[in-house]
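Below is the file data_32.cif, which contains mmCIF, C-alpha atoms.
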```
data_final
#
loop_
_atom_site.group_PDB
_atom_site.id
_atom_site.type_symbol
_atom_site.label_atom_id
_atom_site.label_comp_id
_atom_site.auth_asym_id
_atom_site.auth_seq_id
_atom_site.Cartn_x
_atom_site.Cartn_y
_atom_site.Cartn_z
ATOM 1 C CA MET A 1 73.623 116.946 92.542
ATOM 2 C CA ILE A 2 72.989 120.511 91.389
ATOM 3 C CA ASP A 3 69.352 120.240 92.440
ATOM 4 C CA TYR A 4 70.456 119.172 95.911
ATOM 5 C CA TRP A 5 72.949 122.038 96.185
ATOM 6 C CA ALA A 6 70.612 124.652 94.621
ATOM 7 C CA LYS A 7 69.650 126.338 97.897
ATOM 8 C CA TRP A 8 73.311 126.936 98.822
ATOM 9 C CA ILE A 9 74.238 128.004 95.298
ATOM 10 C CA GLU A 10 71.333 130.450 95.090
ATOM 11 C CA ALA A 11 72.157 131.836 98.555
ATOM 12 C CA GLY A 12 75.723 132.480 97.411
ATOM 13 C CA ASN A 13 77.173 130.059 99.943
ATOM 14 C CA CYS A 14 78.946 127.917 97.382
ATOM 15 C CA THR A 15 80.030 127.889 93.773
ATOM 16 C CA VAL A 16 79.920 124.838 91.522
ATOM 17 C CA TYR A 17 82.395 124.243 88.717
ATOM 18 C CA SER A 18 81.803 121.523 86.196
ATOM 19 C CA VAL A 19 84.999 119.986 84.899
ATOM 20 C CA ASP A 20 84.598 117.623 81.992
ATOM 21 C CA SER A 21 86.339 114.289 82.054
ATOM 22 C CA ILE A 22 88.479 112.749 79.360
ATOM 23 C CA ASP A 23 87.371 109.195 80.105
ATOM 24 C CA ASN A 24 87.036 108.396 76.401
ATOM 25 C CA GLU A 25 90.685 109.365 76.000
ATOM 26 C CA ALA A 26 91.839 107.502 79.105
ATOM 27 C CA TRP A 27 90.116 104.751 81.107
ATOM 28 C CA ALA A 28 87.240 104.147 78.685
ATOM 29 C CA ALA A 29 89.461 104.015 75.575
ATOM 30 C CA LEU A 30 89.586 100.233 75.821
ATOM 31 C CA GLY A 31 91.205 99.595 72.422
ATOM 32 C CA ALA A 32 93.901 102.210 72.877
ATOM 33 C CA ASP A 33 97.458 101.711 74.040
ATOM 34 C CA LYS A 34 97.521 101.276 77.826
ATOM 35 C CA ARG A 35 100.431 103.639 78.335
ATOM 36 C CA TRP A 36 98.681 106.343 76.263
ATOM 37 C CA ARG A 37 95.539 105.879 78.369
ATOM 38 C CA ILE A 38 97.279 106.290 81.710
ATOM 39 C CA GLU A 39 99.402 109.195 80.451
ATOM 40 C CA ASN A 40 96.216 111.007 79.405
ATOM 41 C CA HIS A 41 94.647 110.313 82.769
ATOM 42 C CA GLU A 42 97.741 111.657 84.540
ATOM 43 C CA LYS A 43 97.660 114.811 82.382
ATOM 44 C CA TRP A 44 94.000 115.356 83.328
ATOM 45 C CA TYR A 45 94.710 114.706 87.014
ATOM 46 C CA ASN A 46 97.633 117.113 86.986
ATOM 47 C CA TYR A 47 95.472 119.767 85.306
ATOM 48 C CA ILE A 48 92.934 119.462 88.122
ATOM 49 C CA VAL A 49 95.539 119.522 90.900
ATOM 50 C CA GLU A 50 97.988 122.053 89.453
ATOM 51 C CA GLU A 51 95.673 124.422 87.566
ATOM 52 C CA MET A 52 91.987 124.039 88.437
ATOM 53 C CA VAL A 53 92.257 123.822 92.227
ATOM 54 C CA PRO A 54 94.702 126.763 92.496
ATOM 55 C CA ALA A 55 92.449 128.857 90.216
ATOM 56 C CA ILE A 56 89.414 128.098 92.397
ATOM 57 C CA ARG A 57 91.374 128.928 95.546
ATOM 58 C CA GLU A 58 92.495 132.231 94.012
ATOM 59 C CA MET A 59 88.958 133.189 92.942
ATOM 60 C CA HIS A 60 87.427 132.169 96.267
ATOM 61 C CA SER A 61 90.010 132.847 98.938
ATOM 62 C CA ASN A 62 87.164 133.194 101.458
ATOM 63 C CA TYR A 63 86.339 129.480 101.076
ATOM 64 C CA ASP A 64 88.335 127.287 103.399
ATOM 65 C CA ARG A 65 87.797 124.024 101.526
ATOM 66 C CA ILE A 66 86.820 122.478 98.220
ATOM 67 C CA LEU A 67 84.295 119.675 97.973
ATOM 68 C CA THR A 68 84.239 117.406 94.943
ATOM 69 C CA PHE A 69 81.425 115.235 93.663
ATOM 70 C CA GLY A 70 80.450 113.487 90.494
ATOM 71 C CA CYS A 71 78.953 110.375 89.068
ATOM 72 C CA SER A 72 80.594 107.280 87.637
ATOM 73 C CA MET A 73 84.282 107.993 86.956
ATOM 74 C CA GLY A 74 83.706 111.638 87.893
ATOM 75 C CA ALA A 75 83.077 110.700 91.484
#
```
Take the structure in the file and write it out as structure tokens.
Amino acid sequence: MIDYWAKWIEAGNCTVYSVDSIDNEAWAALGADKRWRIENHEKWYNYIVEEMVPAIREMHSNYDRILTFGCSMGA
């Protein structure tokens, strides 16, 4: 995806942030307690929604929207 977006990144028209997943501590932790898995996923989701997105909006108030992309569970 970065290769595709390179021309816009290099032109300064967009910024890309890479946020790691915790899949191995949530959905992919198949032997772990199911409640623990979903609680970890919810914590990660809340981090994205309550901390990451507001931080991006604060740093880039000139952007009117955020686009997300990823592969596998990151999508």
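Atom pair CA of His41 (chain A) / CA of Ala29 (chain A) has a distance of 10.9 Å (rounded to one decimal).
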Just so the selection is clear, what residues does the PyMOL selection byres ((chain A and resi 66) around 9) cover here, as a list in words? Val53, Ile56, Arg57, Tyr63, Asp64, Arg65, Leu67 and Thr68 of chain A
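Of note, CA of Trp44 (chain A) and CA of Val19 (chain A) are spaced 10.2 Å apart.
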Students should find that CA of Asn13 (chain A) and CA of Tyr45 (chain A) are spaced 26.7 Å
For Ile38 (chain A), the nearest of the candidates A:Ile9, A:Glu25, A:Met52, A:Met59, counting all atoms listed in the file: A:Glu25
Residue rebuild result region 35-59 of chain A, N, CA, C and O atoms as a tab-separated table (two decimals), in the frame of the given file:
```tsv
chain	number	residue	atom	x	y	z
A	35	ARG	N	99.57	102.55	77.88
A	35	ARG	CA	100.43	103.64	78.33
A	35	ARG	C	99.83	104.99	77.95
A	35	ARG	O	99.81	105.92	78.76
A	36	TRP	N	99.33	105.11	76.73
A	36	TRP	CA	98.68	106.34	76.26
A	36	TRP	C	97.49	106.68	77.15
A	36	TRP	O	97.30	107.84	77.51
A	37	ARG	N	96.71	105.66	77.51
A	37	ARG	CA	95.54	105.88	78.37
A	37	ARG	C	95.93	106.44	79.73
A	37	ARG	O	95.34	107.42	80.20
A	38	ILE	N	96.90	105.82	80.38
A	38	ILE	CA	97.28	106.29	81.71
A	38	ILE	C	97.98	107.64	81.65
A	38	ILE	O	97.81	108.48	82.53
A	39	GLU	N	98.77	107.88	80.59
A	39	GLU	CA	99.40	109.20	80.45
A	39	GLU	C	98.35	110.29	80.30
A	39	GLU	O	98.49	111.38	80.88
A	40	ASN	N	97.29	110.03	79.54
A	40	ASN	CA	96.22	111.01	79.40
A	40	ASN	C	95.52	111.23	80.73
A	40	ASN	O	95.19	112.37	81.09
A	41	HIS	N	95.28	110.16	81.46
A	41	HIS	CA	94.65	110.31	82.77
A	41	HIS	C	95.53	111.15	83.69
A	41	HIS	O	95.04	112.04	84.39
A	42	GLU	N	96.82	110.90	83.70
A	42	GLU	CA	97.74	111.66	84.54
A	42	GLU	C	97.76	113.13	84.14
A	42	GLU	O	97.82	114.01	85.00
A	43	LYS	N	97.71	113.42	82.84
A	43	LYS	CA	97.66	114.81	82.38
A	43	LYS	C	96.40	115.49	82.90
A	43	LYS	O	96.44	116.64	83.35
A	44	TRP	N	95.26	114.80	82.84
A	44	TRP	CA	94.00	115.36	83.33
A	44	TRP	C	94.08	115.58	84.84
A	44	TRP	O	93.72	116.64	85.34
A	45	TYR	N	94.57	114.59	85.56
A	45	TYR	CA	94.71	114.71	87.01
A	45	TYR	C	95.60	115.89	87.38
A	45	TYR	O	95.27	116.69	88.25
A	46	ASN	N	96.72	116.01	86.70
A	46	ASN	CA	97.63	117.11	86.99
A	46	ASN	C	97.00	118.47	86.66
A	46	ASN	O	97.25	119.45	87.37
A	47	TYR	N	96.20	118.53	85.61
A	47	TYR	CA	95.47	119.77	85.31
A	47	TYR	C	94.58	120.15	86.48
A	47	TYR	O	94.57	121.30	86.92
A	48	ILE	N	93.84	119.18	86.99
A	48	ILE	CA	92.93	119.46	88.12
A	48	ILE	C	93.73	119.96	89.33
A	48	ILE	O	93.41	121.00	89.92
A	49	VAL	N	94.77	119.22	89.69
A	49	VAL	CA	95.54	119.52	90.90
A	49	VAL	C	96.40	120.78	90.76
A	49	VAL	O	96.47	121.60	91.68
A	50	GLU	N	97.02	120.96	89.61
A	50	GLU	CA	97.99	122.05	89.45
A	50	GLU	C	97.39	123.34	88.88
A	50	GLU	O	97.98	124.41	89.03
A	51	GLU	N	96.25	123.23	88.18
A	51	GLU	CA	95.67	124.42	87.57
A	51	GLU	C	94.27	124.75	88.08
A	51	GLU	O	94.01	125.89	88.47
A	52	MET	N	93.38	123.77	88.07
A	52	MET	CA	91.99	124.04	88.44
A	52	MET	C	91.84	124.39	89.92
A	52	MET	O	91.23	125.40	90.26
A	53	VAL	N	92.38	123.57	90.79
A	53	VAL	CA	92.26	123.82	92.23
A	53	VAL	C	92.91	125.15	92.61
A	53	VAL	O	92.29	125.97	93.30
A	54	PRO	N	94.13	125.45	92.16
A	54	PRO	CA	94.70	126.76	92.50
A	54	PRO	C	93.87	127.93	91.95
A	54	PRO	O	93.74	128.96	92.62
A	55	ALA	N	93.29	127.79	90.77
A	55	ALA	CA	92.45	128.86	90.22
A	55	ALA	C	91.20	129.07	91.07
A	55	ALA	O	90.81	130.21	91.35
A	56	ILE	N	90.58	127.99	91.53
A	56	ILE	CA	89.41	128.10	92.40
A	56	ILE	C	89.80	128.76	93.71
A	56	ILE	O	89.11	129.66	94.19
A	57	ARG	N	90.92	128.33	94.28
A	57	ARG	CA	91.37	128.93	95.55
A	57	ARG	C	91.66	130.42	95.39
A	57	ARG	O	91.39	131.21	96.28
A	58	GLU	N	92.22	130.82	94.25
A	58	GLU	CA	92.50	132.23	94.01
A	58	GLU	C	91.20	133.04	93.87
A	58	GLU	O	91.08	134.13	94.40
A	59	MET	N	90.22	132.48	93.15
A	59	MET	CA	88.96	133.19	92.94
A	59	MET	C	88.11	133.25	94.20
A	59	MET	O	87.31	134.16	94.37
```
